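Peer 1: Take a look at this one; I'll ask things after.
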Amino acid sequence: AKAIETLVKKGEMKGSDPARIKAGVFCADMDTDAEMLRDCDLVIEAVAETLKIKRSTMEFIFDHCGENTVVGTNTSNISIASIIDGFAEDRQARFMGIHFFNPVRYMDLVELIPHTVTPKETVEKVAVLMNDRYGKTPIVCKDAAGFIANRIGSMALASAMNATADFNYPLPYADALTGDLIFRPKQGAFKLMDLVGLDICIHTVEYMHTADIPEYEKPYRNVPKMLTDIVELGYLGNKTNGGYYKKVGKDRFVWDYSKNEYVPAQKVVVESIAGIKDKRERLRTMLFGELPETAYVRRVLFEPIWLAMSVCDSISYGFEDIDTAMRGGYNWVKGPFELLDYLGAAEIVELMEKCGFEIPAWVRDKLSKDGAFYTGSVKKAPYLALFAPEHKIIMENKDAVLTDIGDGVACFSMRTKANTIGMGSAELMLEAAHEVEKSDCFKAMVIANNGANFGAGANLAEVGQTILGGQLDVLEKSVKTLQDANMAIKYLKKPVVVAAKGQALGGSAEILLHAEFN
């Protein structure tokens, strides 16, 4: 109840009824309240990550639940077979892994790991429940060490820590290179670990260090010294008085792993790519260039991708599930194979080989046959790559672009920070609407933007500068141009679809409201 009250105060229970949730959450004692399990359709345990405790808890649940109750374990690493080994087969058939990712209220992924005798129908029913009732994305995994997300994610975290120490980078600089640049959570690897909890990170890394994994994977599975040092001192991240970062009043500090002490945090800029706005071009420039940070970025990006290629068949039922797991479980903007396609899979794989990575045969065969991962007989990627290399640019300026994305569809996208609307983007949107209207090549137009949010509305900085410069006629023209563009969208004789996500504020909301479909 106290935890729920805290979430309410933080504003993290929007859309939910705190009173109803409190009424459904209460303490129960294993000695006196075991009969409560009798009528449950589904029971999920989340006790300590220790095999002995897991097994004894399973015995208790099965001894007291109904004969048709499905029992799940929320283990993040422990083998499903080992937890239920030696139990009666009817109990094994009603048992499976149901692994949520933290914080559960934010993270989308639930990994489902059936036992070898768990009926397919049972797995499907649980998957439907997770999706329809809980709003999660369930992925069926194989019973392998770390399952999918932690198998790949733990490698990514270890790679970031090891490479940072080897290159002697300060943590803020490492975060600038391991976040938005490589299409992972924008805060970077070390701030992300603080959010997750360094105790959880070290548990996962230590488990994978001793897990039953192939020999080729073991050299990457050390436990980084910078992680053990800070955890031993009791700094576990945001849940405690600091982790790799900490805040004291208004001052921010960062962990100096060479001295094992906090130092003032400095703002950093990666000068070598500071002038490149296009995200795809920025990363390709880093990877294919000879910049000071190129070797570091190649390492932290390529090691987890190589692992995903190498263990794909042993942990998943298809590479698409790995992409879904990394987006939903670790908040990666693009999964490993999506990112390869986005950057140019054949070129990146060739570069990886030059860097010393052994490429699995199935990857070579796939690219030789289809040229990419999400083509041919495989289902299409579950996203629209707005700036894919095969898309022809119809018109563009520094603020926006109109591209031909195939199938007779044109796509209009902003290029500005936070997808704000300025004079340049308003002008191009009006031109784009006229182009789609008159062109025989296009049957429809999509308006969609990269980034977490569809748009933050008008570019207020540009508006303010225009006013301060006394250019009210320019401001008036800008407002009229945006309204003309909205009217052109509203009355276009071809379908206009706004594919919005996140926030759509002010003028961005106007675009949504004027379109026929969204």
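By convention in this document, the chains of the structure tokens carry letters A, B, ... by their order, each chain's residues are numbered from 1, and ligands are numbered from 1 in the order they are shown.
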Within range 208-313 of chain A, find each residue whose DSSP state, derived from the backbone, is strand (DSSP E), and express the selection as a ChimeraX atom specification.
Peer 2: /A:245-248,251-256,261-264
Peer 1: Please produce an output containing N, CA, C and O atoms for each residue in the selection, written as a PDB file, in the first residue's frame.
Peer 2:
ATOM      1  N   TYR A 245      26.256   7.702 -10.894  1.00  0.00           N
ATOM      2  CA  TYR A 245      26.017   9.139 -10.753  1.00  0.00           C
ATOM      3  C   TYR A 245      25.308   9.384  -9.428  1.00  0.00           C
ATOM      4  O   TYR A 245      24.618   8.497  -8.917  1.00  0.00           O
ATOM      5  N   LYS A 246      25.467  10.564  -8.885  1.00  0.00           N
ATOM      6  CA  LYS A 246      24.663  10.939  -7.730  1.00  0.00           C
ATOM      7  C   LYS A 246      24.490  12.452  -7.707  1.00  0.00           C
ATOM      8  O   LYS A 246      25.297  13.194  -8.296  1.00  0.00           O
ATOM      9  N   LYS A 247      23.431  12.878  -7.052  1.00  0.00           N
ATOM     10  CA  LYS A 247      23.112  14.298  -6.974  1.00  0.00           C
ATOM     11  C   LYS A 247      23.094  14.728  -5.515  1.00  0.00           C
ATOM     12  O   LYS A 247      22.486  14.067  -4.666  1.00  0.00           O
ATOM     13  N   VAL A 248      23.773  15.809  -5.219  1.00  0.00           N
ATOM     14  CA  VAL A 248      23.782  16.394  -3.871  1.00  0.00           C
ATOM     15  C   VAL A 248      23.294  17.824  -4.005  1.00  0.00           C
ATOM     16  O   VAL A 248      24.003  18.696  -4.505  1.00  0.00           O
ATOM     17  N   ASP A 251      24.015  19.950  -7.199  1.00  0.00           N
ATOM     18  CA  ASP A 251      25.286  19.527  -7.791  1.00  0.00           C
ATOM     19  C   ASP A 251      25.226  18.062  -8.192  1.00  0.00           C
ATOM     20  O   ASP A 251      24.699  17.216  -7.467  1.00  0.00           O
ATOM     21  N   ARG A 252      25.794  17.752  -9.363  1.00  0.00           N
ATOM     22  CA  ARG A 252      25.826  16.391  -9.874  1.00  0.00           C
ATOM     23  C   ARG A 252      27.260  15.869  -9.857  1.00  0.00           C
ATOM     24  O   ARG A 252      28.202  16.580 -10.217  1.00  0.00           O
ATOM     25  N   PHE A 253      27.385  14.623  -9.434  1.00  0.00           N
ATOM     26  CA  PHE A 253      28.699  13.991  -9.354  1.00  0.00           C
ATOM     27  C   PHE A 253      28.675  12.681 -10.130  1.00  0.00           C
ATOM     28  O   PHE A 253      27.619  12.078 -10.336  1.00  0.00           O
ATOM     29  N   VAL A 254      29.863  12.254 -10.550  1.00  0.00           N
ATOM     30  CA  VAL A 254      29.986  11.013 -11.305  1.00  0.00           C
ATOM     31  C   VAL A 254      31.119  10.191 -10.695  1.00  0.00           C
ATOM     32  O   VAL A 254      32.081  10.729 -10.136  1.00  0.00           O
ATOM     33  N   TRP A 255      31.004   8.866 -10.807  1.00  0.00           N
ATOM     34  CA  TRP A 255      31.977   7.959 -10.227  1.00  0.00           C
ATOM     35  C   TRP A 255      33.253   7.932 -11.072  1.00  0.00           C
ATOM     36  O   TRP A 255      33.203   7.695 -12.280  1.00  0.00           O
ATOM     37  N   ASP A 256      34.387   8.186 -10.437  1.00  0.00           N
ATOM     38  CA  ASP A 256      35.689   8.047 -11.087  1.00  0.00           C
ATOM     39  C   ASP A 256      36.202   6.660 -10.736  1.00  0.00           C
ATOM     40  O   ASP A 256      36.689   6.423  -9.625  1.00  0.00           O
ATOM     41  N   GLU A 261      36.051   7.129  -6.317  1.00  0.00           N
ATOM     42  CA  GLU A 261      35.459   8.262  -5.603  1.00  0.00           C
ATOM     43  C   GLU A 261      34.640   9.096  -6.580  1.00  0.00           C
ATOM     44  O   GLU A 261      34.771   8.961  -7.805  1.00  0.00           O
ATOM     45  N   TYR A 262      33.773   9.945  -6.027  1.00  0.00           N
ATOM     46  CA  TYR A 262      32.949  10.817  -6.860  1.00  0.00           C
ATOM     47  C   TYR A 262      33.697  12.103  -7.193  1.00  0.00           C
ATOM     48  O   TYR A 262      34.422  12.652  -6.359  1.00  0.00           O
ATOM     49  N   VAL A 263      33.486  12.577  -8.422  1.00  0.00           N
ATOM     50  CA  VAL A 263      34.049  13.849  -8.866  1.00  0.00           C
ATOM     51  C   VAL A 263      32.920  14.645  -9.522  1.00  0.00           C
ATOM     52  O   VAL A 263      31.906  14.069  -9.935  1.00  0.00           O
ATOM     53  N   PRO A 264      33.036  15.962  -9.621  1.00  0.00           N
ATOM     54  CA  PRO A 264      31.978  16.755 -10.266  1.00  0.00           C
ATOM     55  C   PRO A 264      31.747  16.294 -11.702  1.00  0.00           C
ATOM     56  O   PRO A 264      32.689  16.039 -12.450  1.00  0.00           O
TER      57      PRO A 264
END
Peer 1: Taking 6 positions as the minimum chain separation for residues in the same chain, which residues sit within 10 Å of Lys334 in chain A when counting only C-alpha atoms? Answer as a ChimeraX atom specification.
Peer 2: /A:182-185,323-324,326-327,340,342,383
Peer 1: Go through A:Ile61, A:Val436, A:Ala176, A:Ile80 and flag the residue nearest Pro495 in chain A, using only C-alpha atoms for the distances.
Peer 2: A:Val436
Peer 1: Show me, as an mmCIF file with all heavy atoms, in the first residue's frame, the residues that have an atom within 10 Å of Ala509 in chain A when counting only C-alpha atoms, minus same-chain residues fewer than 3 positions from it.
Peer 2:
data_model
loop_
_atom_site.group_PDB
_atom_site.id
_atom_site.type_symbol
_atom_site.label_atom_id
_atom_site.label_comp_id
_atom_site.auth_asym_id
_atom_site.auth_seq_id
_atom_site.Cartn_x
_atom_site.Cartn_y
_atom_site.Cartn_z
ATOM 1 N N PHE A 454 5.790 12.673 -31.306
ATOM 2 C CA PHE A 454 5.438 13.138 -32.645
ATOM 3 C C PHE A 454 5.885 14.575 -32.857
ATOM 4 O O PHE A 454 6.398 14.925 -33.916
ATOM 5 C CB PHE A 454 3.930 13.020 -32.853
ATOM 6 C CG PHE A 454 3.465 13.526 -34.189
ATOM 7 C CD1 PHE A 454 3.829 12.883 -35.357
ATOM 8 C CD2 PHE A 454 2.670 14.664 -34.281
ATOM 9 C CE1 PHE A 454 3.411 13.353 -36.599
ATOM 10 C CE2 PHE A 454 2.240 15.140 -35.514
ATOM 11 C CZ PHE A 454 2.617 14.487 -36.670
ATOM 12 N N GLY A 455 5.701 15.417 -31.856
ATOM 13 C CA GLY A 455 6.139 16.799 -32.024
ATOM 14 C C GLY A 455 5.815 17.679 -30.838
ATOM 15 O O GLY A 455 4.827 17.473 -30.137
ATOM 16 N N ALA A 456 6.685 18.683 -30.616
ATOM 17 C CA ALA A 456 6.527 19.587 -29.468
ATOM 18 C C ALA A 456 5.848 20.890 -29.850
ATOM 19 O O ALA A 456 5.879 21.857 -29.086
ATOM 20 C CB ALA A 456 7.891 19.867 -28.843
ATOM 21 N N GLY A 457 5.230 20.932 -31.051
ATOM 22 C CA GLY A 457 4.526 22.145 -31.453
ATOM 23 C C GLY A 457 5.445 23.141 -32.137
ATOM 24 O O GLY A 457 6.476 22.782 -32.704
ATOM 25 N N ALA A 500 1.277 9.006 -35.421
ATOM 26 C CA ALA A 500 1.810 9.732 -34.266
ATOM 27 C C ALA A 500 2.075 8.790 -33.112
ATOM 28 O O ALA A 500 1.423 7.762 -32.959
ATOM 29 C CB ALA A 500 0.834 10.820 -33.836
ATOM 30 N N GLN A 503 3.933 12.365 -27.508
ATOM 31 C CA GLN A 503 3.231 13.639 -27.348
ATOM 32 C C GLN A 503 3.060 14.354 -28.688
ATOM 33 O O GLN A 503 3.915 14.282 -29.556
ATOM 34 C CB GLN A 503 4.012 14.545 -26.393
ATOM 35 C CG GLN A 503 4.110 14.002 -24.971
ATOM 36 C CD GLN A 503 4.936 14.892 -24.090
ATOM 37 O OE1 GLN A 503 5.825 15.600 -24.549
ATOM 38 N NE2 GLN A 503 4.655 14.872 -22.794
ATOM 39 N N ALA A 504 1.929 15.028 -28.821
ATOM 40 C CA ALA A 504 1.675 15.895 -29.963
ATOM 41 C C ALA A 504 1.125 17.199 -29.395
ATOM 42 O O ALA A 504 -0.054 17.292 -29.050
ATOM 43 C CB ALA A 504 0.686 15.256 -30.930
ATOM 44 N N LEU A 505 1.979 18.199 -29.278
ATOM 45 C CA LEU A 505 1.617 19.440 -28.588
ATOM 46 C C LEU A 505 1.387 20.568 -29.577
ATOM 47 O O LEU A 505 2.028 20.630 -30.631
ATOM 48 C CB LEU A 505 2.736 19.835 -27.614
ATOM 49 C CG LEU A 505 3.214 18.750 -26.640
ATOM 50 C CD1 LEU A 505 4.369 19.271 -25.795
ATOM 51 C CD2 LEU A 505 2.069 18.279 -25.754
ATOM 52 N N GLY A 506 0.473 21.471 -29.237
ATOM 53 C CA GLY A 506 0.270 22.689 -30.008
ATOM 54 C C GLY A 506 0.068 22.443 -31.484
ATOM 55 O O GLY A 506 -0.839 21.729 -31.916
ATOM 56 N N LEU A 512 -2.379 16.573 -36.466
ATOM 57 C CA LEU A 512 -3.153 15.363 -36.167
ATOM 58 C C LEU A 512 -4.635 15.574 -36.429
ATOM 59 O O LEU A 512 -5.313 14.745 -37.034
ATOM 60 C CB LEU A 512 -2.958 14.991 -34.695
ATOM 61 C CG LEU A 512 -2.084 13.795 -34.329
ATOM 62 C CD1 LEU A 512 -1.919 13.719 -32.828
ATOM 63 C CD2 LEU A 512 -2.718 12.521 -34.837
ATOM 64 N N LEU A 513 -5.153 16.700 -35.974
ATOM 65 C CA LEU A 513 -6.592 16.964 -36.042
ATOM 66 C C LEU A 513 -7.072 17.212 -37.469
ATOM 67 O O LEU A 513 -8.226 16.942 -37.797
ATOM 68 C CB LEU A 513 -6.943 18.166 -35.158
ATOM 69 C CG LEU A 513 -6.736 17.950 -33.649
ATOM 70 C CD1 LEU A 513 -6.891 19.260 -32.893
ATOM 71 C CD2 LEU A 513 -7.718 16.922 -33.113
ATOM 72 N N HIS A 514 -6.186 17.720 -38.307
ATOM 73 C CA HIS A 514 -6.603 18.023 -39.674
ATOM 74 C C HIS A 514 -6.534 16.817 -40.605
ATOM 75 O O HIS A 514 -7.150 16.818 -41.668
ATOM 76 C CB HIS A 514 -5.755 19.164 -40.254
ATOM 77 C CG HIS A 514 -6.144 20.510 -39.734
ATOM 78 N ND1 HIS A 514 -5.540 21.096 -38.649
ATOM 79 C CD2 HIS A 514 -7.108 21.371 -40.128
ATOM 80 C CE1 HIS A 514 -6.094 22.271 -38.410
ATOM 81 N NE2 HIS A 514 -7.051 22.469 -39.297
#
Peer 1: Pick out the residues sitting within 12 Å of Lys490 in chain A, and hand them over as an mmCIF file with C-alpha atoms, in the first residue's frame; count only C-alpha atoms, and ignore anything fewer than 6 positions along from it in its own chain.
Peer 2:
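That gives us out-v1.cif:
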data_model
loop_
_atom_site.group_PDB
_atom_site.id
_atom_site.type_symbol
_atom_site.label_atom_id
_atom_site.label_comp_id
_atom_site.auth_asym_id
_atom_site.auth_seq_id
_atom_site.Cartn_x
_atom_site.Cartn_y
_atom_site.Cartn_z
ATOM 1 C CA LEU A 430 2.632 22.782 -47.858
ATOM 2 C CA ALA A 433 0.835 18.286 -49.913
ATOM 3 C CA GLU A 437 -1.951 15.958 -54.822
ATOM 4 C CA MET A 445 0.750 10.490 -47.810
ATOM 5 C CA GLN A 483 -2.500 27.059 -41.569
ATOM 6 C CA ASP A 484 -2.383 26.728 -45.355
ATOM 7 C CA VAL A 496 -3.391 11.427 -45.424
ATOM 8 C CA VAL A 497 -2.400 9.297 -42.432
ATOM 9 C CA VAL A 498 -0.656 10.767 -39.391
ATOM 10 C CA GLU A 510 -3.212 20.612 -35.188
ATOM 11 C CA ILE A 511 -1.602 18.414 -37.835
ATOM 12 C CA LEU A 512 -3.153 15.363 -36.167
ATOM 13 C CA LEU A 513 -6.592 16.964 -36.042
ATOM 14 C CA HIS A 514 -6.603 18.023 -39.674
ATOM 15 C CA ALA A 515 -5.626 14.636 -41.087
ATOM 16 C CA GLU A 516 -8.286 12.172 -42.208
ATOM 17 C CA PHE A 517 -6.672 9.157 -40.502
#
Peer 1: Taking 6 positions as the minimum chain separation for residues in the same chain, which residues sit within 10 Å of Ile359 in chain A when counting only C-alpha atoms? Answer as a list of chain:residue names.
Peer 2: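 The neighbour list is A:Trp306, A:Leu307, A:Met309, A:Ser310, A:Val349, A:Glu350, A:Met352, A:Glu353.
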Peer 1: For Tyr106 in chain A, which of A:Glu12, A:Asp85, A:Asp440, A:Glu396 is the closest residue, counting only C-alpha atoms?
Peer 2: A:Glu12
Peer 1: Which residues in range 156-352 of chain A does DSSP call helix (DSSP H, G or I)? List them as a VMD selection string.
Peer 2: chain A and resid 156 to 167 171 to 177 180 to 182 189 to 196 198 to 210 215 to 220 225 to 232 271 to 273 279 to 288 294 to 315 319 to 330 336 to 343 345 to 352
Peer 1: Nearest to His115 in chain A among A:Tyr207, A:Phe95, A:Phe412, A:Phe288, with distances taken over only C-alpha atoms: which residue is it?
Peer 2: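 When distances to His115 in chain A are compared using only C-alpha atoms, the smallest one comes from A:Phe95.
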Peer 1: Quick one: pull the distance between CA of Gly329 in chain A and CA of Leu51 in chain A, Å, one decimal.
Peer 2: 23.2 Å
Peer 1: For each of A:Glu45, A:Glu435, A:Asp166, A:Glu111, take the minimum atom-to-atom distance to Cys141 in chain A, counting only C-alpha atoms, then give the residue where this is smallest.
Peer 2: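 Between A:Glu45, A:Glu435, A:Asp166, A:Glu111, the residue approaching Cys141 in chain A most closely is A:Glu111.
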Peer 1: Within 12 Å of Val401 in chain A, counting only C-alpha atoms, which residues qualify if same-chain residues fewer than 6 places away don't, as a compact mmCIF listing (two decimals) with N, CA, C and O atoms, in the first residue's frame?
Peer 2:
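Listing of selection-v9.txt after writing:
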# COMPACT_ATOMS: atom_id res chain seq x y z
N ASP A 278 21.37 14.01 -38.96
CA ASP A 278 20.70 12.77 -39.35
C ASP A 278 21.29 11.61 -38.55
O ASP A 278 22.50 11.37 -38.57
N LEU A 386 11.83 5.36 -41.34
CA LEU A 386 11.51 6.60 -42.03
C LEU A 386 12.63 7.03 -42.98
O LEU A 386 12.38 7.64 -44.01
N PHE A 387 13.86 6.72 -42.62
CA PHE A 387 14.98 7.17 -43.43
C PHE A 387 15.82 5.98 -43.89
O PHE A 387 17.03 5.99 -43.78
N HIS A 391 14.88 4.58 -49.65
CA HIS A 391 13.83 5.57 -49.86
C HIS A 391 14.38 6.78 -50.63
O HIS A 391 15.37 7.40 -50.24
N LYS A 392 13.71 7.12 -51.72
CA LYS A 392 14.13 8.25 -52.54
C LYS A 392 13.60 9.56 -51.96
O LYS A 392 12.43 9.66 -51.59
N ILE A 393 14.47 10.54 -51.84
CA ILE A 393 14.06 11.86 -51.34
C ILE A 393 13.42 12.65 -52.47
O ILE A 393 14.02 12.84 -53.53
N ILE A 394 12.19 13.07 -52.25
CA ILE A 394 11.45 13.85 -53.26
C ILE A 394 11.78 15.33 -53.13
O ILE A 394 12.04 16.02 -54.11
N MET A 395 11.76 15.85 -51.91
CA MET A 395 12.13 17.24 -51.64
C MET A 395 12.57 17.34 -50.18
O MET A 395 12.16 16.53 -49.35
N ALA A 410 3.97 8.53 -50.07
CA ALA A 410 4.98 9.52 -49.73
C ALA A 410 4.96 9.74 -48.23
O ALA A 410 3.90 9.69 -47.60
N CYS A 411 6.13 9.99 -47.64
CA CYS A 411 6.21 10.19 -46.20
C CYS A 411 6.85 11.54 -45.91
O CYS A 411 7.96 11.82 -46.35
N PHE A 412 6.12 12.37 -45.14
CA PHE A 412 6.63 13.67 -44.73
C PHE A 412 7.12 13.57 -43.29
O PHE A 412 6.39 13.10 -42.41
N SER A 413 8.35 14.03 -43.02
CA SER A 413 8.93 13.93 -41.68
C SER A 413 9.67 15.20 -41.32
O SER A 413 10.30 15.83 -42.17
N MET A 414 9.60 15.57 -40.03
CA MET A 414 10.37 16.69 -39.51
C MET A 414 11.80 16.23 -39.24
O MET A 414 12.06 15.07 -38.95
N ARG A 415 12.72 17.18 -39.28
CA ARG A 415 14.12 16.91 -38.95
C ARG A 415 14.61 17.79 -37.81
O ARG A 415 15.80 17.80 -37.48
N THR A 416 13.73 18.52 -37.20
CA THR A 416 14.13 19.48 -36.18
C THR A 416 14.24 18.83 -34.81
O THR A 416 13.75 17.72 -34.58
N ASN A 419 11.18 17.63 -33.06
CA ASN A 419 10.21 17.69 -34.15
C ASN A 419 9.32 18.93 -34.08
O ASN A 419 8.13 18.89 -34.35
N GLY A 424 10.56 26.66 -42.00
CA GLY A 424 11.05 25.72 -43.01
C GLY A 424 10.19 24.48 -43.12
O GLY A 424 9.85 24.04 -44.23
N SER A 425 9.80 23.90 -41.98
CA SER A 425 8.98 22.69 -42.01
C SER A 425 7.57 22.98 -42.48
O SER A 425 6.96 22.17 -43.19
N ALA A 426 7.02 24.15 -42.11
CA ALA A 426 5.67 24.52 -42.57
C ALA A 426 5.66 24.69 -44.09
O ALA A 426 4.74 24.22 -44.78
N GLU A 427 6.69 25.35 -44.62
CA GLU A 427 6.76 25.57 -46.06
C GLU A 427 6.86 24.24 -46.81
O GLU A 427 6.18 24.02 -47.82
N LEU A 428 7.70 23.36 -46.31
CA LEU A 428 7.88 22.08 -47.00
C LEU A 428 6.63 21.21 -46.90
O LEU A 428 6.31 20.48 -47.83
N MET A 429 5.93 21.28 -45.76
CA MET A 429 4.70 20.49 -45.62
C MET A 429 3.66 20.95 -46.63
O MET A 429 2.95 20.13 -47.23
N LEU A 430 3.57 22.26 -46.87
CA LEU A 430 2.63 22.78 -47.86
C LEU A 430 3.04 22.33 -49.26
O LEU A 430 2.20 21.85 -50.04
N GLU A 431 4.34 22.40 -49.57
CA GLU A 431 4.82 21.94 -50.87
C GLU A 431 4.59 20.44 -51.04
O GLU A 431 4.22 19.97 -52.12
N ALA A 432 4.80 19.69 -49.95
CA ALA A 432 4.63 18.23 -50.01
C ALA A 432 3.19 17.87 -50.31
O ALA A 432 2.91 16.96 -51.11
N VAL A 446 1.84 9.77 -45.78
CA VAL A 446 1.97 9.52 -44.35
C VAL A 446 2.79 10.64 -43.74
O VAL A 446 3.77 11.09 -44.33
N ILE A 447 2.37 11.12 -42.57
CA ILE A 447 3.15 12.10 -41.83
C ILE A 447 3.64 11.41 -40.56
O ILE A 447 2.82 10.98 -39.73
N ALA A 448 4.93 11.24 -40.42
CA ALA A 448 5.49 10.51 -39.28
C ALA A 448 6.88 11.05 -38.99
O ALA A 448 7.60 11.47 -39.89
N ASN A 449 7.25 11.05 -37.71
CA ASN A 449 8.54 11.58 -37.30
C ASN A 449 9.31 10.57 -36.48
O ASN A 449 8.72 9.80 -35.72
N ASN A 450 10.63 10.59 -36.59
CA ASN A 450 11.47 9.82 -35.69
C ASN A 450 11.46 10.47 -34.31
O ASN A 450 11.11 11.63 -34.16
Peer 1: Using only C-alpha atoms, which residues sit within 7 Å of Ala158 in chain A once same-chain residues fewer than 4 positions away are excluded, as JSON, numbers by chain?
Peer 2: {"A": [154, 162, 224]}
Peer 1: Any chance you could export the current selection's C-alpha atoms as a tab-separated table (two decimals), in the first residue's frame?
Peer 2:
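For reference, selection.tsv as written:
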chain	number	residue	atom	x	y	z
A	154	SER	CA	24.02	-8.41	-20.05
A	162	ASN	CA	34.91	-3.16	-20.21
A	224	PRO	CA	33.89	-5.75	-14.63
Peer 1: Hey, which of A:Glu206, A:Asp321, A:Asp404, A:Asp370 ends up closest to Ala308 in chain A? Count only C-alpha atoms.
Peer 2: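 Checking each of A:Glu206, A:Asp321, A:Asp404, A:Asp370 against Ala308 in chain A, counting only C-alpha atoms, the winner is A:Asp321.
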Peer 1: Using only C-alpha atoms for the distances, tell me which of A:Phe62, A:Ala48, A:Thr178, A:Ala346 is nearest to Asp365 in chain A.
Peer 2: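 For Asp365 in chain A, the nearest of the candidates is A:Ala346.
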